>>> print(open('my_file-v1.txt').read())   # compact mmCIF, C-alpha atoms
# COMPACT_ATOMS: atom_id res chain seq x y z
CA MET A 1 20.04 -16.69 -11.75
CA GLU A 2 21.57 -15.32 -8.54
CA ILE A 3 20.09 -11.87 -9.23
CA TYR A 4 16.60 -13.32 -9.76
CA ARG A 5 16.90 -15.28 -6.50
CA CYS A 6 17.83 -12.08 -4.68
CA LEU A 7 14.54 -10.48 -5.72
CA TRP A 8 12.63 -13.02 -3.59
CA ASP A 9 15.23 -14.11 -1.01
CA ALA A 10 15.71 -11.26 1.48
CA HIS A 11 18.76 -12.93 3.03
CA ALA A 12 20.51 -13.35 -0.33
CA LEU A 13 19.68 -9.75 -1.25
CA HIS A 14 21.09 -8.49 2.05
CA ASN A 15 24.32 -10.45 1.51
CA LEU A 16 24.62 -9.06 -2.00
CA MET A 17 24.25 -5.49 -0.74
CA THR A 18 26.81 -5.91 2.05
CA GLU A 19 29.37 -7.23 -0.45
CA THR A 20 28.83 -4.42 -2.96
CA PRO A 21 31.24 -1.42 -2.86
CA THR A 22 29.72 1.93 -1.90
CA PRO A 23 30.20 3.65 -5.31
CA VAL A 24 28.45 0.74 -7.04
CA LEU A 25 25.64 0.85 -4.45
CA LEU A 26 25.10 4.54 -5.18
CA LEU A 27 24.84 3.80 -8.91
CA ILE A 28 22.36 0.99 -8.19
CA ILE A 29 20.23 3.33 -6.04
CA PHE A 30 20.24 5.98 -8.78
CA ALA A 31 19.25 3.36 -11.39
CA CYS A 32 16.44 2.09 -9.13
CA ILE A 33 15.06 5.62 -8.73
CA LEU A 34 14.97 6.00 -12.52
CA LEU A 35 13.35 2.57 -12.82
CA LEU A 36 10.70 3.48 -10.26
CA SER A 37 9.91 6.76 -11.98
CA LYS A 38 9.69 5.29 -15.48
CA GLY A 39 7.70 2.28 -14.28
CA ALA A 40 5.16 4.49 -12.50
CA ASP A 41 4.79 6.62 -15.65
CA TRP A 42 4.14 3.55 -17.81
CA MET A 43 1.63 2.22 -15.32
CA ILE A 44 -0.36 5.46 -15.13
CA ASP A 45 -0.35 5.84 -18.93
CA GLY A 46 -1.59 2.27 -19.24
CA VAL A 47 -4.36 2.86 -16.69
CA VAL A 48 -5.57 5.99 -18.47
CA ALA A 49 -5.53 4.23 -21.85
CA LEU A 50 -7.36 1.21 -20.44
CA ALA A 51 -9.96 3.45 -18.83
CA LYS A 52 -10.62 5.11 -22.20
CA ARG A 53 -10.83 1.75 -23.94
CA THR A 54 -13.14 -0.01 -21.47
CA GLY A 55 -15.16 2.94 -20.15
CA LEU A 56 -14.24 2.01 -16.55
CA PRO A 57 -13.47 4.94 -14.22
CA LYS A 58 -9.76 5.36 -13.48
CA ILE A 59 -10.52 5.27 -9.76
CA VAL A 60 -11.97 1.75 -10.19
CA ILE A 61 -8.92 0.50 -12.10
CA GLY A 62 -6.73 2.00 -9.38
CA ALA A 63 -8.79 0.27 -6.69
CA THR A 64 -8.56 -3.16 -8.35
CA ILE A 65 -5.75 -3.78 -10.84
CA ILE A 66 -3.15 -1.34 -9.48
CA SER A 67 -3.82 -1.94 -5.78
CA LEU A 68 -3.81 -5.73 -6.31
CA GLY A 69 -0.47 -5.48 -8.10
CA THR A 70 1.18 -3.22 -5.52
CA THR A 71 0.01 -5.33 -2.55
CA THR A 72 0.89 -8.76 -4.01
CA PRO A 73 4.61 -8.47 -3.03
CA GLU A 74 3.59 -7.54 0.52
CA ALA A 75 1.26 -10.53 0.64
CA PHE A 76 4.05 -12.81 -0.59
CA VAL A 77 6.50 -11.51 2.03
CA SER A 78 3.91 -11.76 4.82
CA VAL A 79 2.81 -15.29 3.89
CA MET A 80 6.42 -16.44 3.75
CA ALA A 81 7.10 -14.77 7.11
CA ALA A 82 4.13 -16.56 8.68
CA TRP A 83 5.11 -19.87 7.07
CA MET A 84 8.71 -19.58 8.36
CA GLY A 85 7.59 -18.87 11.92
CA ASN A 86 7.56 -15.07 12.08
CA PRO A 87 3.81 -14.30 12.05
CA GLY A 88 4.27 -11.01 13.93
CA LEU A 89 5.95 -9.55 10.85
CA ALA A 90 2.92 -10.48 8.72
CA LEU A 91 0.44 -8.63 10.95
CA GLY A 92 2.75 -5.64 11.35
CA ASN A 93 3.30 -5.44 7.60
CA GLY A 94 -0.43 -5.35 6.87
CA VAL A 95 -1.40 -2.82 9.55
CA GLY A 96 1.70 -0.67 8.99
CA SER A 97 1.02 -0.51 5.25
CA ILE A 98 -2.55 0.71 5.83
CA ILE A 99 -1.21 3.48 8.09
CA ALA A 100 1.52 4.47 5.61
CA ASP A 101 -0.74 4.35 2.53
CA THR A 102 -3.46 6.58 3.98
CA GLY A 103 -1.38 8.75 6.31
CA LEU A 104 1.84 9.29 4.40
CA ILE A 105 0.98 8.78 0.73
CA PHE A 106 -2.56 10.14 0.58
CA GLY A 107 -1.66 12.93 3.01
CA LEU A 108 1.23 14.04 0.79
CA ALA A 109 -0.92 13.79 -2.34
CA CYS A 110 -3.58 16.07 -0.82
CA ILE A 111 -0.93 18.66 -0.02
CA LEU A 112 0.57 18.52 -3.52
CA ALA A 113 -2.63 18.64 -5.59
CA PRO A 114 -6.45 18.84 -5.30
CA ILE A 115 -7.69 15.24 -5.05
CA PRO A 116 -11.25 14.79 -6.39
CA ILE A 117 -13.87 12.94 -4.33
CA ASN A 118 -15.74 10.31 -6.32
CA ARG A 119 -18.67 9.81 -3.94
CA PHE A 120 -20.15 6.90 -5.89
CA ILE A 121 -17.00 4.83 -5.35
CA LEU A 122 -15.96 6.19 -1.94
CA ASN A 123 -19.43 5.70 -0.48
CA ARG A 124 -19.10 2.02 -1.40
CA THR A 125 -15.46 0.92 -1.54
CA GLY A 126 -14.56 3.54 1.09
CA TRP A 127 -16.93 1.99 3.61
CA VAL A 128 -15.40 -1.43 2.90
CA GLN A 129 -11.99 0.13 3.63
CA VAL A 130 -13.10 1.30 7.09
CA GLY A 131 -15.32 -1.73 7.72
CA VAL A 132 -12.70 -4.45 7.23
CA ALA A 133 -10.16 -2.57 9.37
CA THR A 134 -12.75 -2.18 12.14
CA LEU A 135 -13.63 -5.88 11.78
CA LEU A 136 -9.95 -6.79 12.16
CA VAL A 137 -9.70 -4.78 15.38
CA ALA A 138 -12.99 -6.19 16.73
CA ILE A 139 -11.88 -9.80 16.09
CA SER A 140 -8.51 -9.03 17.70
CA ILE A 141 -10.19 -7.57 20.80
CA TYR A 142 -12.46 -10.62 21.02
CA ALA A 143 -9.39 -12.88 20.83
CA PHE A 144 -7.77 -10.82 23.59
CA VAL A 145 -10.69 -10.99 26.03
CA SER A 146 -11.68 -14.59 25.28
CA THR A 147 -8.22 -16.16 25.43
CA SER A 148 -6.33 -16.79 28.64
CA GLY A 149 -2.99 -16.98 26.84
CA HIS A 150 -1.60 -14.97 23.95
CA PRO A 151 -4.31 -13.63 21.58
CA VAL A 152 -4.04 -14.90 18.00
CA LEU A 153 -5.85 -14.54 14.69
CA ASN A 154 -6.74 -18.16 13.97
CA ARG A 155 -6.84 -19.83 10.57
CA TRP A 156 -10.61 -19.46 10.39
CA VAL A 157 -10.12 -15.67 10.51
CA GLY A 158 -7.74 -15.84 7.57
CA ILE A 159 -10.11 -18.03 5.55
CA PHE A 160 -13.01 -15.72 6.43
CA PHE A 161 -11.03 -12.68 5.24
CA LEU A 162 -10.15 -14.42 1.96
CA ILE A 163 -13.84 -15.18 1.38
CA LEU A 164 -14.62 -11.51 2.04
CA LEU A 165 -11.87 -10.63 -0.46
CA VAL A 166 -13.61 -12.62 -3.20
CA GLY A 167 -16.90 -10.89 -2.38
CA TYR A 168 -15.20 -7.48 -2.41
CA MET A 169 -13.65 -8.05 -5.83
CA TYR A 170 -17.04 -9.12 -7.23
CA LEU A 171 -18.84 -6.11 -5.73
CA THR A 172 -16.16 -3.79 -7.11
CA TYR A 173 -16.80 -5.19 -10.58
CA VAL A 174 -20.56 -4.73 -10.18
CA TRP A 175 -20.17 -1.15 -8.93
CA SER A 176 -17.79 -0.31 -11.77
CA ARG A 177 -20.35 -1.44 -14.36
CA GLN A 178 -22.99 0.73 -12.68
CA HIS A 179 -20.74 3.78 -12.78
CA THR A 180 -19.23 4.21 -16.24
CA THR A 181 -17.67 7.59 -16.84
CA GLY A 182 -18.26 9.44 -20.07
CA PHE A 183 -15.31 11.12 -21.80
CA GLY A 184 -15.06 14.52 -23.36
CA ARG A 185 -14.28 15.30 -26.96
CA GLU A 186 -10.53 15.33 -26.33
CA ASP A 187 -10.61 11.83 -24.84
CA GLN A 188 -12.73 10.48 -27.69
CA ASP A 189 -10.28 11.76 -30.28
CA ASP A 190 -7.38 9.68 -28.98
CA ILE A 191 -9.32 6.71 -27.64
CA PHE A 192 -7.98 4.38 -30.33
CA ILE A 193 -4.33 5.44 -30.15
CA THR A 194 -3.38 2.80 -27.56
CA SER A 195 -4.78 -0.70 -27.97
CA THR A 196 -6.15 -2.69 -25.05
CA SER A 197 -3.32 -5.24 -25.23
CA ARG A 198 -0.71 -2.49 -25.22
CA SER A 199 -2.43 -0.87 -22.23
CA TRP A 200 -2.18 -4.13 -20.29
CA ILE A 201 1.49 -4.48 -21.28
CA MET A 202 2.21 -0.95 -20.04
CA ILE A 203 0.43 -1.61 -16.74
CA ALA A 204 2.12 -4.98 -16.17
CA GLY A 205 5.55 -3.78 -17.29
CA GLY A 206 5.36 -0.59 -15.24
CA LEU A 207 4.19 -2.52 -12.19
CA LEU A 208 7.09 -4.97 -12.46
CA MET A 209 9.55 -2.08 -12.82
CA VAL A 210 8.13 -0.33 -9.74
CA ILE A 211 8.13 -3.49 -7.61
CA GLY A 212 11.59 -4.56 -8.76
CA GLY A 213 13.05 -1.10 -8.26
CA ALA A 214 11.59 -0.81 -4.77
CA ARG A 215 12.79 -4.30 -3.85
CA ILE A 216 16.41 -3.39 -4.61
CA LEU A 217 16.35 0.29 -3.64
CA VAL A 218 15.31 -0.12 0.01
CA PRO A 219 18.02 -2.65 1.06
CA GLY A 220 20.60 -0.64 -0.88
CA ALA A 221 19.63 2.62 0.80
CA ALA A 222 19.55 0.89 4.20
CA GLU A 223 23.06 -0.46 3.65
CA ILE A 224 24.35 3.00 2.69
CA ALA A 225 22.70 4.49 5.80
CA PHE A 226 24.26 1.78 7.98
CA ARG A 227 27.72 2.45 6.52
CA ILE A 228 27.55 6.16 7.31
CA GLY A 229 26.55 5.49 10.89
CA VAL A 230 22.74 5.76 10.97
CA PRO A 231 21.39 3.57 13.84
CA GLU A 232 19.57 0.38 12.86
CA ASP A 233 16.46 1.49 14.78
CA VAL A 234 16.17 4.61 12.66
CA ILE A 235 16.65 2.58 9.46
CA ALA A 236 13.93 0.12 10.52
CA ALA A 237 11.46 2.87 11.44
CA THR A 238 12.00 4.88 8.24
CA LEU A 239 13.53 3.21 5.19
CA VAL A 240 12.24 -0.31 5.79
CA ALA A 241 8.76 0.90 6.79
CA LEU A 242 8.62 3.21 3.77
CA GLY A 243 9.85 0.47 1.46
CA THR A 244 6.68 -1.62 1.76
CA SER A 245 4.61 1.34 0.51
CA LEU A 246 7.08 2.64 -2.06
CA PRO A 247 5.10 1.28 -5.09
CA GLU A 248 1.98 3.13 -3.91
CA LEU A 249 4.06 6.26 -3.26
CA MET A 250 5.56 6.31 -6.75
CA THR A 251 2.14 5.65 -8.27
CA ALA A 252 0.72 8.61 -6.34
CA PHE A 253 3.50 10.99 -7.43
CA SER A 254 3.17 9.94 -11.07
CA SER A 255 -0.63 10.33 -10.91
CA VAL A 256 -0.30 13.90 -9.60
CA ARG A 257 2.39 14.83 -12.11
CA LYS A 258 0.40 13.49 -15.06
CA GLY A 259 -2.85 15.12 -13.95
CA HIS A 260 -4.80 12.00 -12.94
CA PRO A 261 -5.17 12.36 -9.15
CA ASP A 262 -8.34 10.23 -9.08
CA ILE A 263 -6.14 7.16 -9.57
CA ILE A 264 -4.56 7.89 -6.18
CA VAL A 265 -7.85 7.56 -4.31
CA GLY A 266 -8.67 4.23 -5.91
CA ASN A 267 -5.17 2.86 -5.33
CA ILE A 268 -5.04 3.88 -1.66
CA VAL A 269 -8.56 2.67 -0.79
CA GLY A 270 -8.08 -0.60 -2.68
CA ALA A 271 -4.62 -1.17 -1.16
CA ASP A 272 -6.01 -0.67 2.36
CA VAL A 273 -8.74 -3.26 1.76
CA LEU A 274 -6.29 -5.72 0.25
CA ASN A 275 -3.72 -5.22 3.02
CA CYS A 276 -6.38 -6.29 5.49
CA LEU A 277 -8.21 -9.04 3.57
CA PHE A 278 -5.40 -10.29 1.30
CA VAL A 279 -2.12 -9.71 3.18
CA ILE A 280 -3.35 -10.45 6.72
CA GLY A 281 -5.99 -12.94 5.56
CA ALA A 282 -3.59 -15.09 3.53
CA SER A 283 -0.97 -14.96 6.29
CA ALA A 284 -3.46 -16.04 8.99
CA ALA A 285 -4.73 -18.84 6.76
CA VAL A 286 -1.18 -20.19 6.51
CA ARG A 287 -0.41 -19.92 10.24
CA PRO A 288 -2.26 -18.28 13.18
CA LEU A 289 -0.97 -14.75 13.78
CA TYR A 290 0.07 -13.77 17.29
CA ILE A 291 -1.15 -10.27 18.23
CA PRO A 292 1.48 -8.38 20.28
CA PRO A 293 0.14 -6.27 23.17
CA ASN A 294 1.34 -2.97 21.66
CA PHE A 295 -1.06 -3.42 18.75
CA PHE A 296 -4.02 -2.82 21.07
CA VAL A 297 -2.62 0.39 22.56
CA PHE A 298 -0.65 1.78 19.62
CA HIS A 299 -0.95 0.35 16.09
CA PHE A 300 -4.68 -0.42 15.98
CA PRO A 301 -5.73 2.99 17.44
CA VAL A 302 -3.52 4.88 14.96
CA MET A 303 -4.91 2.87 12.04
CA LEU A 304 -8.51 3.59 13.06
CA ILE A 305 -7.84 7.30 13.70
CA ILE A 306 -6.38 7.70 10.20
CA LEU A 307 -9.12 5.71 8.44
CA TYR A 308 -12.01 7.37 10.26
CA SER A 309 -10.43 10.78 9.64
CA PHE A 310 -10.39 9.90 5.95
CA ARG A 311 -14.09 8.96 6.07
CA THR A 312 -14.92 12.17 7.92
CA PHE A 313 -13.17 14.23 5.24
CA VAL A 314 -15.19 12.48 2.51
CA PHE A 315 -18.41 13.33 4.37
CA MET A 316 -17.59 16.95 5.20
CA ASN A 317 -16.15 18.09 1.84
CA LYS A 318 -19.02 19.63 -0.11
CA THR A 319 -16.74 21.12 -2.78
CA GLY A 320 -15.85 17.72 -4.23
CA VAL A 321 -12.11 17.80 -3.42
CA PHE A 322 -9.92 16.98 -0.44
CA ARG A 323 -8.29 20.03 1.16
CA LYS A 324 -4.63 20.59 1.91
CA TRP A 325 -5.14 20.88 5.67
CA GLN A 326 -6.79 17.46 5.62
CA GLY A 327 -3.71 16.02 3.96
CA GLY A 328 -1.61 17.79 6.58
CA TRP A 329 -3.70 16.18 9.34
CA LEU A 330 -3.20 12.68 7.93
CA LEU A 331 0.49 13.26 7.31
CA GLY A 332 0.93 14.70 10.81
CA ILE A 333 -0.60 11.61 12.41
CA TYR A 334 1.74 9.41 10.38
CA LEU A 335 4.83 11.40 11.39
CA ILE A 336 3.84 11.25 15.06
CA TYR A 337 3.29 7.52 14.64
CA VAL A 338 6.78 7.02 13.18
CA ILE A 339 8.42 9.18 15.86
CA LEU A 340 6.62 7.37 18.68
CA GLN A 341 7.38 4.02 17.09
CA TYR A 342 11.08 4.85 17.03
CA THR A 343 11.00 6.26 20.57
CA ILE A 344 9.14 3.28 22.01
CA HIS A 345 11.32 0.81 20.12
CA THR A 346 14.49 2.55 21.26
CA GLY A 347 13.25 2.63 24.84
CA VAL A 348 12.46 -1.09 24.79
CA SER A 349 15.81 -1.86 23.21
CA GLY A 350 17.58 0.26 25.79
>>> encode(input="my_file-v1.txt", output="structure tokens")
Amino acid sequence: MEIYRCLWDAHALHNLMTETPTPVLLLIIFACILLLSKGADWMIDGVVALAKRTGLPKIVIGATIISLGTTTPEAFVSVMAAWMGNPGLALGNGVGSIIADTGLIFGLACILAPIPINRFILNRTGWVQVGVATLLVAISIYAFVSTSGHPVLNRWVGIFFLILLVGYMYLTYVWSRQHTTGFGREDQDDIFITSTSRSWIMIAGGLLMVIGGARILVPGAAEIAFRIGVPEDVIAATLVALGTSLPELMTAFSSVRKGHPDIIVGNIVGADVLNCLFVIGASAAVRPLYIPPNFFVFHFPVMLIILYSFRTFVFMNKTGVFRKWQGGWLLGIYLIYVILQYTIHTGVSG
């Protein structure tokens, strides 16, 4: 029972890690890495099998089922943070995850493998991705200029975002039915090997393994880093920040390795939309979110630069795939963002 409580209680998990001997921690980290890898493999296999069964494009399943699963833990953490009086963490978690998903994960994926451009989906869901992020920034700027005190995202903003979320999920379903993908002879031959129920079990089981492994791996790795003398600021700007996007990262690596890179695009685009509408929306609905000043001069601009760069690459690529230098551009922006974040944070702390 104590172990299950640690999966949801960050304080209990931290205490457990601090009391665990270093050799045992190393074994736990190794086991979590194996769990992440195997879980991501199961999830991708389940997505491919489900796509063959239902006729839905893999990019659509990635943009709905997978992205909803990988962002639900972030939404839970953010809502609990807002409820317990730390709303700044909720907003930072949502915006930071959008930056990490598109800059780090998608940037790395483009460097590792050719990522196909599904224009039917990206010219619809992709515009929602950019649109909701721009709407978030516009509402935040309005709150800044219209409020004499501290700007906040009020509850009505959160409720509005949740209503948009319902509309987005419905539109995604409609678009998916309009864009069924035919399969080749090889796909048709093994279409009945995996049943629909088994596909769902593989997706759900793999998702739980990825989320559970990431939940334990990040605090364990942070504790090891702390014990060998790595500063807390560096841990916060790297391991902790990476931890919130670790499920998406493992999904991306498994997709590339198994030859299904189109799942990456759907997962990243869907996760960005859900981080804005679901994570931030649910958190603001629970308690108004205070917007720190550095979001207007640092976090929001970086988020928009990355997202609009992504849209520009979709528009300019006539060959139907993202190029490696485009992945390098996105990854470079993310690395600069992390370095500046650490530098600014260290300077403020000093």
>>> atom_distance(input="my_file-v1.txt", atom1="CA of Tyr173 (chain A)", atom2="CA of Arg311 (chain A)")
22.0 Å
>>> residues_around(input="my_file-v1.txt", residues="Trp127 (chain A)", least_positions_apart="6", cutoff="12 Å", atoms="only C-alpha atoms", output="PyMOL selection string")
chain A and resi 119-121+133-135+168+269-270+272-273+307-308+310-312+314-315
>>> write_last_selection(input="my_file-v1.txt", atoms="C-alpha atoms", output="tab-separated table (two decimals), keeping the file's coordinate frame")
chain	number	residue	atom	x	y	z
A	119	ARG	CA	-18.67	9.81	-3.94
A	120	PHE	CA	-20.15	6.90	-5.89
A	121	ILE	CA	-17.00	4.83	-5.35
A	133	ALA	CA	-10.16	-2.57	9.37
A	134	THR	CA	-12.75	-2.18	12.14
A	135	LEU	CA	-13.63	-5.88	11.78
A	168	TYR	CA	-15.20	-7.48	-2.41
A	269	VAL	CA	-8.56	2.67	-0.79
A	270	GLY	CA	-8.08	-0.60	-2.68
A	272	ASP	CA	-6.01	-0.67	2.36
A	273	VAL	CA	-8.74	-3.26	1.76
A	307	LEU	CA	-9.12	5.71	8.44
A	308	TYR	CA	-12.01	7.37	10.26
A	310	PHE	CA	-10.39	9.90	5.95
A	311	ARG	CA	-14.09	8.96	6.07
A	312	THR	CA	-14.92	12.17	7.92
A	314	VAL	CA	-15.19	12.48	2.51
A	315	PHE	CA	-18.41	13.33	4.37
>>> closest_residue(input="my_file-v1.txt", among="A:Glu19, A:Ile28, A:Ile115, A:Arg155", to="Arg215 (chain A)", atoms="all atoms listed in the file")
A:Ile28
>>> closest_residue(input="my_file-v1.txt", among="A:Arg124, A:Arg287, A:Lys38, A:His260", to="Trp83 (chain A)", atoms="all atoms listed in the file")
A:Arg287
>>> atom_distance(input="my_file-v1.txt", atom1="CA of Thr319 (chain A)", atom2="CA of Leu249 (chain A)")
25.6 Å
>>> atom_distance(input="my_file-v1.txt", atom1="CA of Ser146 (chain A)", atom2="CA of Pro292 (chain A)")
15.4 Å
>>> closest_residue(input="my_file-v1.txt", among="A:Leu26, A:Cys32, A:Leu104, A:Ile117", to="Ala225 (chain A)", atoms="all atoms listed in the file")
A:Leu26
>>> closest_residue(input="my_file-v1.txt", among="A:Ile159, A:Leu112, A:Val95, A:Ala31", to="Leu136 (chain A)", atoms="only C-alpha atoms")
A:Val95
>>> residues_near_point(input="my_file-v1.txt", point="(-3.5, 10.6, 8.6)", cutoff="9 Å", atoms="all atoms listed in the file", output="list in words")
Ile99, Ala100, Thr102, Gly103, Leu104, Phe106, Gly107, Val302, Met303, Ile305, Ile306, Leu307, Ser309, Phe310, Gln326, Gly327, Gly328, Trp329, Leu330, Leu331, Gly332, Ile333, Tyr334 and Leu335 of chain A
>>> closest_residue(input="my_file-v1.txt", among="A:Trp175, A:Phe226, A:Phe160, A:Trp200", to="Ile280 (chain A)", atoms="only C-alpha atoms")
A:Phe160
>>> closest_residue(input="my_file-v1.txt", among="A:Phe161, A:Gly149, A:Leu274, A:Gly92", to="Asn294 (chain A)", atoms="all atoms listed in the file")
A:Gly92
>>> axis_aligned_box(input="my_file-v1.txt", around="region 318-327 of chain A", padding_each_side="5 Å", output="JSON")
{"center_x": -11.4, "center_y": 18.6, "center_z": 0.7, "size_x": 25.3, "size_y": 15.1, "size_z": 19.9}
